[in-house]
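Asks: Structure provided below as structure tokens; questions to follow.
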Amino acid sequence: MSSNPTYPNATWTKEDSLTYAVELDGRRVDLRYEASGFQSGWAVYAGDELVERCSELMQARGLALAIASKAP
């Protein structure tokens with residue numbers, strides 16, 4: 001995947017069909033699809049910490065980018 005034009009240093013990677021990651025300034029945020037029936041969706045992780053579950057991939061991508069862009 002390509003970098004986000006708003007954050008030119010953001011790098012998206014597709015690790016497999018159910019796992020993505022964004023890296024920005026040394027910070028990494030992972031997106032993992034978690035299948036659980038009608039509650040299936042995308043889990044956003046900062047390190048080992050689950051930040052939020054999102055029903056849509058684009059929502060999860062936006063959240064992941066926002067988290068990665070925050071200063072530690």
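Chain labels follow the order of the structure tokens: the first chain is A, the next B, and so on; residue numbering restarts at 1 in every chain, and ligands are counted from 1 in their shown order.
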Could you give me, as an NGL selection string, each residue of chain A that DSSP assigns to strand (DSSP E) when run on this structure's backbone?
Replies: :A and (11-16 or 19-24 or 27-34 or 41-46 or 49-54)
Asks: Store the residues picked out above, limited to N, CA and C atoms, as an mmCIF file, in the first residue's frame.
Replies:
```
data_model
loop_
_atom_site.group_PDB
_atom_site.id
_atom_site.type_symbol
_atom_site.label_atom_id
_atom_site.label_comp_id
_atom_site.auth_asym_id
_atom_site.auth_seq_id
_atom_site.Cartn_x
_atom_site.Cartn_y
_atom_site.Cartn_z
ATOM 1 N N THR A 11 3.756 4.777 6.408
ATOM 2 C CA THR A 11 3.910 3.621 5.523
ATOM 3 C C THR A 11 2.927 2.538 5.943
ATOM 4 N N TRP A 12 2.063 2.157 5.000
ATOM 5 C CA TRP A 12 1.106 1.090 5.233
ATOM 6 C C TRP A 12 1.647 -0.210 4.661
ATOM 7 N N THR A 13 1.468 -1.292 5.401
ATOM 8 C CA THR A 13 1.842 -2.603 4.902
ATOM 9 C C THR A 13 0.667 -3.561 5.086
ATOM 10 N N LYS A 14 0.519 -4.448 4.121
ATOM 11 C CA LYS A 14 -0.478 -5.517 4.206
ATOM 12 C C LYS A 14 0.293 -6.786 4.493
ATOM 13 N N GLU A 15 0.152 -7.292 5.710
ATOM 14 C CA GLU A 15 0.904 -8.479 6.101
ATOM 15 C C GLU A 15 0.215 -9.748 5.610
ATOM 16 N N ASP A 16 -1.093 -9.744 5.601
ATOM 17 C CA ASP A 16 -1.900 -10.780 4.980
ATOM 18 C C ASP A 16 -3.287 -10.188 4.788
ATOM 19 N N THR A 19 -4.560 -8.647 8.150
ATOM 20 C CA THR A 19 -3.667 -7.886 9.019
ATOM 21 C C THR A 19 -2.960 -6.790 8.235
ATOM 22 N N TYR A 20 -3.086 -5.563 8.733
ATOM 23 C CA TYR A 20 -2.413 -4.400 8.157
ATOM 24 C C TYR A 20 -1.664 -3.678 9.262
ATOM 25 N N ALA A 21 -0.733 -2.824 8.890
ATOM 26 C CA ALA A 21 -0.015 -2.014 9.866
ATOM 27 C C ALA A 21 0.328 -0.674 9.238
ATOM 28 N N VAL A 22 0.403 0.344 10.087
ATOM 29 C CA VAL A 22 0.889 1.652 9.660
ATOM 30 C C VAL A 22 2.053 2.014 10.573
ATOM 31 N N GLU A 23 3.117 2.549 9.970
ATOM 32 C CA GLU A 23 4.267 3.025 10.727
ATOM 33 C C GLU A 23 4.490 4.485 10.384
ATOM 34 N N LEU A 24 4.713 5.287 11.421
ATOM 35 C CA LEU A 24 4.942 6.711 11.248
ATOM 36 C C LEU A 24 5.881 7.186 12.347
ATOM 37 N N ARG A 27 6.576 4.836 15.187
ATOM 38 C CA ARG A 27 5.426 4.275 15.895
ATOM 39 C C ARG A 27 4.657 3.366 14.942
ATOM 40 N N ARG A 28 4.236 2.227 15.455
ATOM 41 C CA ARG A 28 3.511 1.235 14.647
ATOM 42 C C ARG A 28 2.157 0.958 15.282
ATOM 43 N N VAL A 29 1.141 0.892 14.443
ATOM 44 C CA VAL A 29 -0.208 0.542 14.877
ATOM 45 C C VAL A 29 -0.693 -0.576 13.953
ATOM 46 N N ASP A 30 -1.250 -1.622 14.540
ATOM 47 C CA ASP A 30 -1.703 -2.784 13.778
ATOM 48 C C ASP A 30 -3.218 -2.817 13.677
ATOM 49 N N LEU A 31 -3.714 -3.311 12.554
ATOM 50 C CA LEU A 31 -5.135 -3.556 12.338
ATOM 51 C C LEU A 31 -5.285 -5.041 12.067
ATOM 52 N N ARG A 32 -6.168 -5.686 12.821
ATOM 53 C CA ARG A 32 -6.380 -7.125 12.642
ATOM 54 C C ARG A 32 -7.872 -7.398 12.550
ATOM 55 N N TYR A 33 -8.263 -8.144 11.539
ATOM 56 C CA TYR A 33 -9.666 -8.526 11.417
ATOM 57 C C TYR A 33 -9.924 -9.662 12.385
ATOM 58 N N GLU A 34 -10.949 -9.485 13.216
ATOM 59 C CA GLU A 34 -11.310 -10.510 14.192
ATOM 60 C C GLU A 34 -12.726 -10.975 13.887
ATOM 61 N N GLY A 41 -15.110 -7.577 13.113
ATOM 62 C CA GLY A 41 -14.643 -6.251 12.727
ATOM 63 C C GLY A 41 -13.140 -6.135 12.843
ATOM 64 N N TRP A 42 -12.670 -4.903 12.730
ATOM 65 C CA TRP A 42 -11.242 -4.602 12.733
ATOM 66 C C TRP A 42 -10.815 -4.106 14.102
ATOM 67 N N ALA A 43 -9.847 -4.784 14.694
ATOM 68 C CA ALA A 43 -9.293 -4.380 15.986
ATOM 69 C C ALA A 43 -8.036 -3.547 15.724
ATOM 70 N N VAL A 44 -7.941 -2.421 16.405
ATOM 71 C CA VAL A 44 -6.800 -1.513 16.256
ATOM 72 C C VAL A 44 -5.937 -1.656 17.503
ATOM 73 N N TYR A 45 -4.671 -2.025 17.295
ATOM 74 C CA TYR A 45 -3.738 -2.249 18.401
ATOM 75 C C TYR A 45 -2.571 -1.283 18.329
ATOM 76 N N ALA A 46 -2.251 -0.670 19.461
ATOM 77 C CA ALA A 46 -1.025 0.113 19.617
ATOM 78 C C ALA A 46 -0.128 -0.742 20.495
ATOM 79 N N GLU A 49 -1.699 -3.305 23.166
ATOM 80 C CA GLU A 49 -2.929 -2.747 23.728
ATOM 81 C C GLU A 49 -4.014 -2.582 22.661
ATOM 82 N N LEU A 50 -5.158 -3.189 22.916
ATOM 83 C CA LEU A 50 -6.314 -2.997 22.051
ATOM 84 C C LEU A 50 -6.858 -1.599 22.307
ATOM 85 N N VAL A 51 -6.900 -0.783 21.259
ATOM 86 C CA VAL A 51 -7.391 0.584 21.394
ATOM 87 C C VAL A 51 -8.893 0.630 21.162
ATOM 88 N N GLU A 52 -9.333 0.006 20.066
ATOM 89 C CA GLU A 52 -10.755 0.044 19.726
ATOM 90 C C GLU A 52 -11.045 -0.990 18.649
ATOM 91 N N ARG A 53 -12.302 -1.413 18.593
ATOM 92 C CA ARG A 53 -12.768 -2.267 17.503
ATOM 93 C C ARG A 53 -13.648 -1.430 16.589
ATOM 94 N N CYS A 54 -13.457 -1.573 15.303
ATOM 95 C CA CYS A 54 -14.212 -0.821 14.303
ATOM 96 C C CYS A 54 -14.890 -1.806 13.353
#
```
Asks: Please give the complete set of residues from chain A that DSSP, run on the backbone, assigns to helix (DSSP H, G or I), formatted as a PyMOL selection string.
Replies: chain A and resi 57-69
Asks: Could you state the separation of atom CA of A:Ala66 and atom CA of A:Ser36 in Å, given to one decimal place?
Replies: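 Atom CA of A:Ala66 sits 25.7 Å away from atom CA of A:Ser36.
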Asks: Using only C-alpha atoms, find the one residue out of A:Lys70, A:Gly37, A:Asp25, A:Ser17 that sits nearest to A:Leu57.
Replies: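 Going through A:Lys70, A:Gly37, A:Asp25, A:Ser17 one by one, the smallest distance to A:Leu57 is for A:Ser17.
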Asks: Using Å and a single decimal, report how far atom CA of A:Asp48 sits from atom CA of A:Ser69.
Replies: 17.7 Å
